[in-house]
Structures are given as structure tokens and as C-alpha cells.
file structure.cif (mmCIF, C-alpha atoms)
data_data
#
loop_
_atom_site.label_atom_id
_atom_site.label_comp_id
_atom_site.auth_asym_id
_atom_site.auth_seq_id
_atom_site.Cartn_x
_atom_site.Cartn_y
_atom_site.Cartn_z
CA MET U 1 -0.72 12.76 22.38
CA ALA U 2 0.78 12.08 18.93
CA ALA U 3 -1.28 12.94 15.88
CA LYS U 4 -3.05 10.18 14.01
CA PRO U 5 -1.35 9.01 10.82
CA ALA U 6 -2.25 10.87 7.67
CA ARG U 7 -2.04 7.88 5.37
CA PRO U 8 -5.11 5.69 4.83
CA ALA U 9 -5.15 2.27 6.49
CA ASN U 10 -5.80 -1.03 4.75
CA ALA U 11 -8.74 -2.61 6.61
CA ILE U 12 -7.50 -6.19 6.34
CA ASP U 13 -3.98 -5.28 7.45
CA GLN U 14 -5.18 -3.12 10.33
CA THR U 15 -7.65 -5.72 11.61
CA ARG U 16 -5.01 -8.44 11.58
CA ARG U 17 -2.57 -6.15 13.36
CA MET U 18 -5.02 -5.14 16.08
CA LEU U 19 -5.97 -8.75 16.80
CA SER U 20 -2.28 -9.59 17.19
CA LEU U 21 -1.77 -6.46 19.26
CA VAL U 22 -4.27 -7.65 21.89
CA THR U 23 -2.31 -10.87 22.49
CA TYR U 24 1.02 -9.04 22.35
CA LEU U 25 0.03 -6.49 25.00
CA ARG U 26 -1.48 -9.08 27.35
CA GLU U 27 1.89 -10.81 27.50
CA ARG U 28 3.91 -7.60 27.87
CA PRO U 29 2.50 -5.26 30.52
CA GLY U 30 4.17 -1.87 30.45
CA ALA U 31 5.61 -2.41 26.96
CA ARG U 32 7.36 0.61 25.46
CA ILE U 33 5.56 2.30 22.57
CA GLU U 34 8.67 2.43 20.40
CA ASP U 35 9.33 -1.30 20.95
CA VAL U 36 5.76 -2.29 20.09
CA ALA U 37 5.71 -0.10 16.96
CA ARG U 38 9.01 -1.61 15.81
CA ALA U 39 7.74 -5.15 16.42
CA PHE U 40 4.69 -4.53 14.23
CA GLY U 41 6.55 -2.55 11.55
CA ILE U 42 4.42 0.57 11.97
CA THR U 43 4.95 4.13 13.13
CA GLU U 44 4.32 5.20 16.70
CA ASP U 45 1.46 7.42 15.46
CA GLU U 46 -0.21 4.38 13.85
CA LEU U 47 0.18 2.43 17.09
CA VAL U 48 -1.38 5.26 19.13
CA SER U 49 -4.25 5.34 16.62
CA ASP U 50 -4.83 1.61 17.21
CA LEU U 51 -4.75 2.19 20.97
CA ASP U 52 -7.48 4.80 20.58
CA VAL U 53 -9.73 2.12 19.03
CA LEU U 54 -8.99 -0.88 21.28
CA PRO U 55 -10.73 0.52 24.40
CA MET U 56 -13.99 0.46 22.42
CA CYS U 57 -13.66 -3.32 21.92
CA GLY U 58 -14.59 -6.14 24.28
CA THR U 59 -17.01 -8.96 24.96
CA SER U 60 -19.95 -6.57 25.42
CA PHE U 61 -20.68 -2.88 25.81
CA ARG U 62 -20.64 -3.08 29.60
CA GLY U 63 -17.84 -1.06 31.10
CA GLY U 64 -16.03 -3.96 32.77
CA ASP U 65 -15.98 -6.01 29.57
CA LEU U 66 -14.34 -3.35 27.39
CA LEU U 67 -10.55 -3.37 27.04
CA ASP U 68 -9.03 -0.95 29.53
CA ILE U 69 -5.81 0.02 27.74
CA ASP U 70 -4.01 3.34 28.07
CA THR U 71 -0.57 4.89 27.63
CA ASP U 72 1.46 7.55 29.35
CA GLY U 73 3.16 8.47 26.07
CA GLU U 74 6.05 6.06 26.59
CA ARG U 75 4.55 2.79 27.85
CA ILE U 76 1.31 0.86 27.35
CA TRP U 77 -0.71 -0.63 30.21
CA TRP U 78 -3.62 -3.07 30.12
CA HIS U 79 -5.54 -2.75 33.38
CA ASN U 80 -8.13 -5.52 32.94
CA PRO U 81 -6.57 -8.38 30.92
CA ALA U 82 -9.14 -10.71 32.50
CA ALA U 83 -11.81 -9.00 30.34
CA LEU U 84 -10.95 -11.45 27.58
CA GLY U 85 -10.10 -14.37 29.83
CA GLU U 86 -12.05 -17.60 30.05
CA GLU U 87 -13.83 -16.38 33.18
CA ALA U 88 -15.34 -13.52 31.17
CA ALA U 89 -16.50 -15.66 28.26
CA GLU U 90 -20.22 -15.65 27.55
CA PRO U 91 -22.27 -17.25 24.78
CA LEU U 92 -22.15 -15.13 21.64
CA ARG U 93 -25.53 -13.92 20.42
CA LEU U 94 -25.72 -12.43 16.95
CA ALA U 95 -28.52 -10.30 15.58
CA ALA U 96 -29.90 -11.31 12.17
CA ASP U 97 -27.99 -8.58 10.32
CA GLU U 98 -24.77 -9.45 12.17
CA ALA U 99 -25.11 -13.15 11.30
CA THR U 100 -25.79 -12.31 7.65
CA ALA U 101 -22.77 -10.01 7.40
CA LEU U 102 -20.51 -12.55 9.12
CA LEU U 103 -21.59 -15.44 6.90
CA VAL U 104 -21.29 -13.47 3.66
CA ALA U 105 -17.81 -12.27 4.64
CA ALA U 106 -16.69 -15.75 5.71
CA ARG U 107 -17.81 -17.34 2.44
CA ALA U 108 -16.10 -14.59 0.43
CA VAL U 109 -12.79 -14.98 2.29
CA ALA U 110 -12.93 -18.76 1.82
CA THR U 111 -12.83 -18.26 -1.97
CA LEU U 112 -9.64 -16.15 -1.93
CA PRO U 113 -6.86 -17.71 -4.03
CA GLY U 114 -3.66 -18.25 -2.10
CA LEU U 115 -5.43 -18.98 1.19
CA ARG U 116 -3.76 -21.87 2.99
CA GLU U 117 -5.88 -25.00 2.66
CA GLY U 118 -5.82 -25.64 6.41
CA ASP U 119 -7.09 -22.11 7.04
CA ARG U 120 -9.77 -22.53 4.35
CA GLN U 121 -11.08 -25.74 5.90
CA ALA U 122 -11.07 -24.23 9.39
CA LEU U 123 -13.00 -21.22 8.08
CA LEU U 124 -15.58 -23.45 6.35
CA ARG U 125 -16.10 -25.47 9.54
CA ALA U 126 -16.59 -22.29 11.55
CA THR U 127 -19.01 -20.98 8.91
CA ALA U 128 -21.09 -24.16 9.15
CA LYS U 129 -21.32 -23.78 12.94
CA VAL U 130 -22.44 -20.15 12.62
CA GLU U 131 -25.10 -21.19 10.05
CA THR U 132 -26.45 -23.80 12.47
CA ALA U 133 -26.49 -21.38 15.38
CA ALA U 134 -28.07 -18.58 13.34
CA GLY U 135 -30.98 -20.73 12.16
CA GLU U 136 -33.46 -18.77 10.02
CA ALA U 137 -31.26 -15.69 10.18
CA ALA U 138 -28.72 -17.51 7.99
CA GLY U 139 -31.19 -17.76 5.10
CA ALA U 140 -30.62 -14.24 3.81
CA SER U 141 -26.86 -14.76 3.61
CA SER U 142 -27.25 -17.55 1.03
CA ARG U 143 -28.78 -15.03 -1.40
CA LEU U 144 -25.83 -12.64 -1.12
CA SER U 145 -22.30 -12.94 -2.45
CA VAL U 146 -19.16 -10.84 -2.55
CA THR U 147 -16.52 -11.00 -5.28
CA PHE U 148 -13.05 -9.66 -4.54
CA GLU U 149 -11.15 -7.71 -7.19
CA SER U 150 -8.06 -9.38 -8.66
CA GLU U 151 -5.84 -7.50 -6.22
CA GLY U 152 -7.37 -9.57 -3.44
CA GLY U 153 -5.83 -12.77 -4.84
CA VAL U 154 -2.43 -11.12 -5.12
CA PHE U 155 -2.78 -9.83 -1.56
CA ALA U 156 -3.56 -13.33 -0.30
CA ASP U 157 -0.52 -14.82 -2.05
CA VAL U 158 1.79 -12.11 -0.75
CA ASP U 159 0.39 -12.41 2.76
CA ARG U 160 0.87 -16.18 2.66
CA ALA U 161 4.43 -15.85 1.33
CA ILE U 162 5.32 -13.45 4.15
CA SER U 163 3.88 -15.72 6.85
CA GLU U 164 5.56 -18.83 5.38
CA ARG U 165 8.82 -16.98 4.56
CA ARG U 166 8.78 -18.01 0.88
CA ARG U 167 9.98 -16.29 -2.25
CA LEU U 168 7.60 -14.95 -4.93
CA TRP U 169 7.78 -14.90 -8.71
CA ILE U 170 5.85 -12.04 -10.31
CA ARG U 171 5.18 -10.51 -13.70
CA TYR U 172 5.01 -6.80 -13.00
CA TYR U 173 3.92 -3.85 -15.13
CA SER U 174 6.08 -0.75 -14.80
CA PRO U 175 4.24 2.35 -16.11
CA ALA U 176 7.43 4.43 -16.09
CA ARG U 177 8.98 2.13 -18.73
CA ASP U 178 5.68 0.82 -20.13
CA GLU U 179 6.87 -2.79 -19.91
CA VAL U 180 6.16 -6.02 -18.10
CA THR U 181 9.10 -7.71 -16.38
CA GLU U 182 9.55 -11.02 -14.58
CA ARG U 183 11.10 -10.89 -11.12
CA GLU U 184 11.78 -13.03 -8.08
CA ILE U 185 11.26 -11.12 -4.85
CA ASP U 186 11.63 -11.81 -1.14
CA PRO U 187 8.60 -10.07 0.43
CA ILE U 188 9.22 -8.02 3.57
CA ARG U 189 5.85 -6.44 4.42
CA LEU U 190 2.55 -5.20 3.01
CA VAL U 191 1.92 -1.46 3.23
CA SER U 192 -0.99 0.77 2.31
CA VAL U 193 -0.45 4.32 1.11
CA GLY U 194 -3.49 5.08 -1.04
CA HIS U 195 -2.91 1.74 -2.83
CA THR U 196 -1.62 -1.52 -1.38
CA TYR U 197 2.05 -2.35 -1.95
CA VAL U 198 4.50 -5.09 -1.07
CA GLU U 199 7.91 -3.94 0.06
CA ALA U 200 10.42 -6.60 -0.98
CA TRP U 201 14.02 -7.43 -1.86
CA CYS U 202 14.14 -7.72 -5.65
CA ARG U 203 16.57 -10.42 -6.83
CA ARG U 204 16.71 -8.88 -10.30
CA SER U 205 17.71 -5.41 -9.07
CA GLU U 206 19.55 -6.65 -5.98
CA ALA U 207 17.89 -3.83 -4.06
CA ARG U 208 14.81 -3.05 -2.00
CA ARG U 209 11.81 -2.25 -4.20
CA THR U 210 8.13 -1.48 -3.65
CA PHE U 211 5.54 -3.11 -5.94
CA ARG U 212 1.91 -2.00 -6.30
CA LEU U 213 -0.38 -5.01 -6.05
CA ASP U 214 -2.80 -3.96 -8.79
CA ARG U 215 0.14 -3.88 -11.25
CA VAL U 216 1.07 -7.50 -10.62
CA ALA U 217 -0.05 -9.34 -13.76
CA GLU U 218 0.82 -12.82 -12.49
CA ILE U 219 2.14 -14.26 -9.22
CA ARG U 220 3.43 -17.60 -7.94
CA ILE U 221 4.66 -18.69 -4.52
CA LEU U 222 7.98 -20.49 -4.93
CA ASP U 223 9.48 -23.29 -2.86
CA GLU U 224 12.67 -21.30 -2.23
CA PRO U 225 12.81 -19.68 1.20
CA SER U 226 12.56 -15.91 1.38
CA ALA U 227 15.83 -14.48 2.67
CA PRO U 228 15.87 -10.69 2.32
CA PRO U 229 18.93 -8.97 3.79
CA GLU U 230 18.50 -7.05 7.02
CA VAL U 231 17.05 -3.66 6.06
CA GLU U 232 15.73 -0.86 8.22
CA LEU U 233 11.99 -0.43 7.71
CA ARG U 234 11.16 3.00 6.34
CA ASP U 235 8.69 5.34 7.97
CA LEU U 236 6.09 5.75 5.22
CA SER U 237 3.80 8.12 7.12
CA ALA U 238 5.05 10.99 4.93
CA GLY U 239 4.23 9.07 1.75
CA LEU U 240 5.61 6.25 -0.35
CA VAL U 241 7.87 8.39 -2.55
CA GLN U 242 10.54 10.02 -0.41
CA PRO U 243 13.33 11.42 -2.62
CA ALA U 244 16.84 11.43 -1.20
CA ALA U 245 19.16 14.44 -1.20
CA GLU U 246 21.54 12.66 -3.61
CA ASP U 247 18.82 11.97 -6.21
CA PRO U 248 19.09 13.90 -9.53
CA GLU U 249 17.36 17.28 -9.63
CA VAL U 250 14.65 17.98 -12.21
CA VAL U 251 13.07 21.36 -12.98
CA VAL U 252 9.56 21.48 -14.41
CA GLU U 253 7.63 24.60 -15.43
CA VAL U 254 3.84 24.38 -15.48
CA GLY U 255 1.07 26.79 -16.40
CA PRO U 256 -1.95 27.58 -14.21
CA ALA U 257 -3.66 24.34 -15.29
CA GLY U 258 -0.62 22.33 -14.20
CA ARG U 259 -0.29 23.64 -10.64
CA TRP U 260 -1.62 20.29 -9.39
CA VAL U 261 1.86 18.85 -9.96
CA ALA U 262 3.10 20.64 -6.83
CA GLU U 263 0.33 18.97 -4.80
CA TYR U 264 1.04 15.42 -5.96
CA TYR U 265 4.84 15.35 -6.33
CA PRO U 266 7.20 15.89 -3.37
CA HIS U 267 9.43 18.84 -4.28
CA ASP U 268 12.19 21.03 -2.90
CA ARG U 269 10.64 24.32 -3.99
CA ALA U 270 7.88 25.80 -6.15
CA ASP U 271 8.40 29.35 -7.42
CA GLU U 272 5.58 31.45 -8.81
CA LEU U 273 5.76 32.42 -12.51
CA PRO U 274 4.31 35.66 -13.98
CA ASP U 275 1.60 33.78 -15.90
CA GLY U 276 0.23 32.13 -12.75
CA GLY U 277 2.18 28.94 -13.23
CA LEU U 278 4.98 27.40 -11.17
CA ARG U 279 8.63 26.53 -11.59
CA ILE U 280 8.96 23.30 -9.61
CA THR U 281 12.27 21.82 -8.48
CA LEU U 282 12.12 18.19 -7.40
CA ARG U 283 14.33 15.14 -7.00
CA THR U 284 13.75 11.60 -8.21
CA PRO U 285 15.89 8.45 -8.39
CA ASP U 286 14.48 7.81 -11.87
CA PRO U 287 14.24 11.06 -13.88
CA ALA U 288 13.12 9.15 -16.99
CA SER U 289 9.85 8.35 -15.21
CA LEU U 290 8.90 12.04 -15.52
CA ARG U 291 8.57 11.75 -19.30
CA ARG U 292 5.05 10.44 -18.75
CA LEU U 293 4.31 13.49 -16.61
CA ALA U 294 5.49 15.76 -19.43
CA LEU U 295 3.28 13.93 -21.95
CA ARG U 296 0.33 14.19 -19.59
CA LEU U 297 0.84 17.93 -19.13
CA GLY U 298 1.08 18.63 -22.87
CA ARG U 299 0.89 22.37 -23.44
CA ASP U 300 0.33 22.97 -19.70
CA GLY U 301 3.93 22.18 -18.75
CA ARG U 302 7.45 21.33 -19.84
CA ILE U 303 10.66 19.88 -18.44
CA VAL U 304 13.37 22.55 -18.24
CA SER U 305 16.31 20.55 -16.94
CA PRO U 306 18.28 18.41 -17.17
CA PRO U 307 18.56 19.14 -20.93
CA ASP U 308 18.82 15.49 -21.98
CA LEU U 309 15.58 14.66 -20.15
CA ALA U 310 13.84 17.69 -21.72
CA GLU U 311 14.93 16.52 -25.18
CA SER U 312 13.86 12.96 -24.37
CA ALA U 313 10.39 14.23 -23.43
CA ARG U 314 10.09 16.21 -26.67
CA ARG U 315 11.17 13.18 -28.68
CA ALA U 316 8.58 11.01 -26.90
CA ALA U 317 5.90 13.60 -27.73
CA ARG U 318 6.87 13.62 -31.40
CA GLU U 319 6.79 9.83 -31.56
CA ALA U 320 3.39 9.73 -29.88
CA LEU U 321 1.97 12.30 -32.30
CA ALA U 322 3.47 10.49 -35.27
CA ALA U 323 1.42 7.43 -34.36
CA TYR U 324 -1.77 9.29 -35.33
CA ASP U 325 -2.81 8.99 -38.95
CA GLU U 326 -3.44 12.68 -39.65
CA PRO U 327 -2.90 14.81 -42.79
CA ASP U 328 0.53 16.42 -42.98
CA GLY U 329 -0.73 19.93 -42.30
CA VAL U 330 -2.60 18.86 -39.18
CA GLN U 331 0.38 16.81 -38.02
CA ASP U 332 2.74 19.77 -38.38
CA GLY U 333 0.37 21.90 -36.33
CA LEU U 334 0.30 19.30 -33.61
CA TYR U 335 4.09 19.18 -33.56
CA ASP U 336 4.27 22.95 -33.23
CA ARG U 337 1.80 23.02 -30.33
CA GLN U 338 3.46 20.10 -28.53
CA GLU U 339 6.92 21.69 -28.93
CA ARG U 340 5.63 24.83 -27.26
CA GLY U 341 4.11 22.77 -24.46
CA LEU U 342 7.18 20.64 -23.80
#

call {"tool": "encode", "arguments": {"input": "structure.cif", "output": "C-alpha cells"}}
result
Amino acid sequence: MAAKPARPANAIDQTRRMLSLVTYLRERPGARIEDVARAFGITEDELVSDLDVLPMCGTSFRGGDLLDIDTDGERIWWHNPAALGEEAAEPLRLAADEATALLVAARAVATLPGLREGDRQALLRATAKVETAAGEAAGASSRLSVTFESEGGVFADVDRAISERRRLWIRYYSPARDEVTEREIDPIRLVSVGHTYVEAWCRRSEARRTFRLDRVAEIRILDEPSAPPEVELRDLSAGLVQPAAEDPEVVVEVGPAGRWVAEYYPHDRADELPDGGLRITLRTPDPASLRRLALRLGRDGRIVSPPDLAESARRAAREALAAYDEPDGVQDGLYDRQERGL
């Protein structure tokens, strides 16, 4: 059995996928694992992880009502598709805490910006029916509320744009260049690797780019249709940043306090130094983005090569230090210490 994916799952994305997976598998008995994973844009390990959860779902906790889904490693079989058929349907009975949780969640989702109006109205009608059915149990839910962080609104707009195949306009903050740019993108898919990202075709760069949702300062859904070129979806189970062999090589030396760099940055090698530090060789498509790493390390690390990047990092350190209003003697001391660090 394949190992479960190492990357964390986004709850909204995974729930939506698993609901769609139930319908998909009912219509395709004996479907091949690789075909199903490709159809959902996930890895085979992620699909197997979903299959481990589905047999615990059903209309009740009685054995015959749980989904009986298994795999032989190549194909997926659903042995009791009637478990969710009309003949198995029974009136839904919610406990007080279940009704409260459902109503609070439904009201919160209904306030998400970017939600299609038809979906919002359908959700509100369903919420009203649950309130009526829950009776007194619905009272507690009216005293509770949930507020989504700003990323939730961006997520809703991106999700809507993907489903409606429409282009997006965004204002996006790039920490590597410390600037906000305006872009039009054709969204391809939402992914979660620690944070939530949208993988898209960027019309400004004319290339595939990945944008972190919490760095989107402003977003609009455009009327233009989304038409990204055919691209092969990347396997992100090993992480979002996956340097290519042709990317420029950068060498960074860190002291004992900077050894964490080897844990957070994919690298080709990490050689021990006599002082307990490391000499780390890594590749990146954008070497200039490592200037911020050098500034963060301070005296605990320095860029060794390429020489122009090392000089650029030292210059950035001098400019940052010059921004402080300190006496000349103190300033010179800071320069000396930062030069030794970088």
C-alpha cells in the first residue's frame, strides 16, 4: 500500500474532492488508480489516502450502510453502491451539537465573497429548512458566528473562476522583490502545501506561476474566458519548490545557528564546516530571491557564490543599515559586523 502524502491537506479542497470522488467511482466500477488520480489532479498517494477515509462514511454506522470501497493497488472497486441509493435513504436526525455546528458553518459559508449567488440562495434555503427541523436545538447557533480570514474571500473567487473557466486580475505582493504587481492569470488549480496556492498561467510572464493566496492584495473575476495552455500538472508531494537541474547554483555558508537553512531549502548537498556550520549548495530559478535569506541570517551566514549575488547581498545589507539613524561610530561598527556576516 502506498504511503500517505506528506503534505498537509486543505480541508475545503479535500472535502469537495471526496464528495466528487463518491459520484465518480459509482459511475466507473474498476477504475484505474492512475486514471482517477489524473482526473482529480492529485497524486496516487493522495487518492489512496482518500480511499482509506471513504469506507468510514455512509448513511449510518451500521456495517451495510458504510461505503464498501477497496483497491487491489491498481483498480478501485465499490462493492455496495446501493448504500447511497434512494432505497437506502432514511430521515436524517441530528443531535443538538450537530445541528448547531451545521447551522453555524452554513451561515459562515453564505457570507463568503465570491460565492455564486445561485449557490448562496440555495444554501440559505437549506439553512432555513435545517433551522425548522432542528427546533429548539437551532437556538444556540444564532448566538455563534464564524468570521473567515481574508484568504477565504480570495479562495472563493479563485474557486469560482476555476469552475466558471474565467480569467482573474490580481494585485500580488512578491516578497522576493518587495513589490506589488498587477497581473491577469488563467487559474489552473488550487493546491495546499503548508499554505494555499493557485497554480495559474500568468499573462504577464507568459509562463506557469504559483501564487500564494494570502499575498493577493486585491482580486477580480474578469469576463474574459480562462484559456491556459495545456500543461502537465506537477507532482507537488515533494514540496512546492522543486529546483531544476538547469537552475543556477548558489553556495551559502552558515554557522551553527543557521543550520536550519538546510531543513527548509531543497539543496544538492550540505557539507559540514569546522565551526559546526554548513556549506550548502542549492539551485534556484531566481537567485536574487536569496538576498532576503542573507539579510535574515546576518552574522550567522553568508552567500559565497555566485560573486555578483554575494556582492548584491552585501550592498543590500549596507543600504538597510544606512536607513537607521545611528551615530557614525555605531554605524561603522554595524557595517563591520554585517560585512563579516555576509

call {"tool": "resolve_selection", "arguments": {"input": "structure.cif", "expression": "the PyMOL selection byres ((chain U and resi 259) around 10)", "output": "MDAnalysis selection string"}}
result
chainID U and resid 253:258 260:264 270 272 276:280 300:301

call {"tool": "atom_distance", "arguments": {"input": "structure.cif", "atom1": "CA of Glu34 in chain U", "atom2": "CA of Arg208 in chain U"}}
result
23.9 Å

call {"tool": "resolve_selection", "arguments": {"input": "structure.cif", "expression": "the PyMOL selection byres ((chain U and resi 48) around 12)", "output": "PyMOL selection string"}}
result
chain U and resi 1-5+18+21+32-34+36-37+42-47+49-55+69-76

call {"tool": "atom_distance", "arguments": {"input": "structure.cif", "atom1": "CA of Ala316 in chain U", "atom2": "CA of Ala294 in chain U"}}
result
9.4 Å

call {"tool": "residues_around", "arguments": {"input": "structure.cif", "residues": "Arg167 in chain U", "least_positions_apart": "5", "cutoff": "9 Å", "atoms": "only C-alpha atoms", "output": "ChimeraX atom specification"}}
result
/U:161-162,184-187,220-227

call {"tool": "residues_around", "arguments": {"input": "structure.cif", "residues": "Leu19 in chain U", "least_positions_apart": "2", "cutoff": "12 Å", "atoms": "all atoms listed in the file", "output": "JSON, numbers by chain"}}
result
{"U": [12, 13, 14, 15, 16, 17, 21, 22, 23, 24, 25, 26, 40, 50, 51, 53, 54, 57, 58]}

call {"tool": "atom_distance", "arguments": {"input": "structure.cif", "atom1": "CA of Ile188 in chain U", "atom2": "CA of Arg283 in chain U"}}
result
26.0 Å

call {"tool": "residues_around", "arguments": {"input": "structure.cif", "residues": "Leu293 in chain U", "least_positions_apart": "3", "cutoff": "10 Å", "atoms": "all atoms listed in the file", "output": "ChimeraX atom specification"}}
result
/U:176,252,261,288-290,296-298,301-303,313
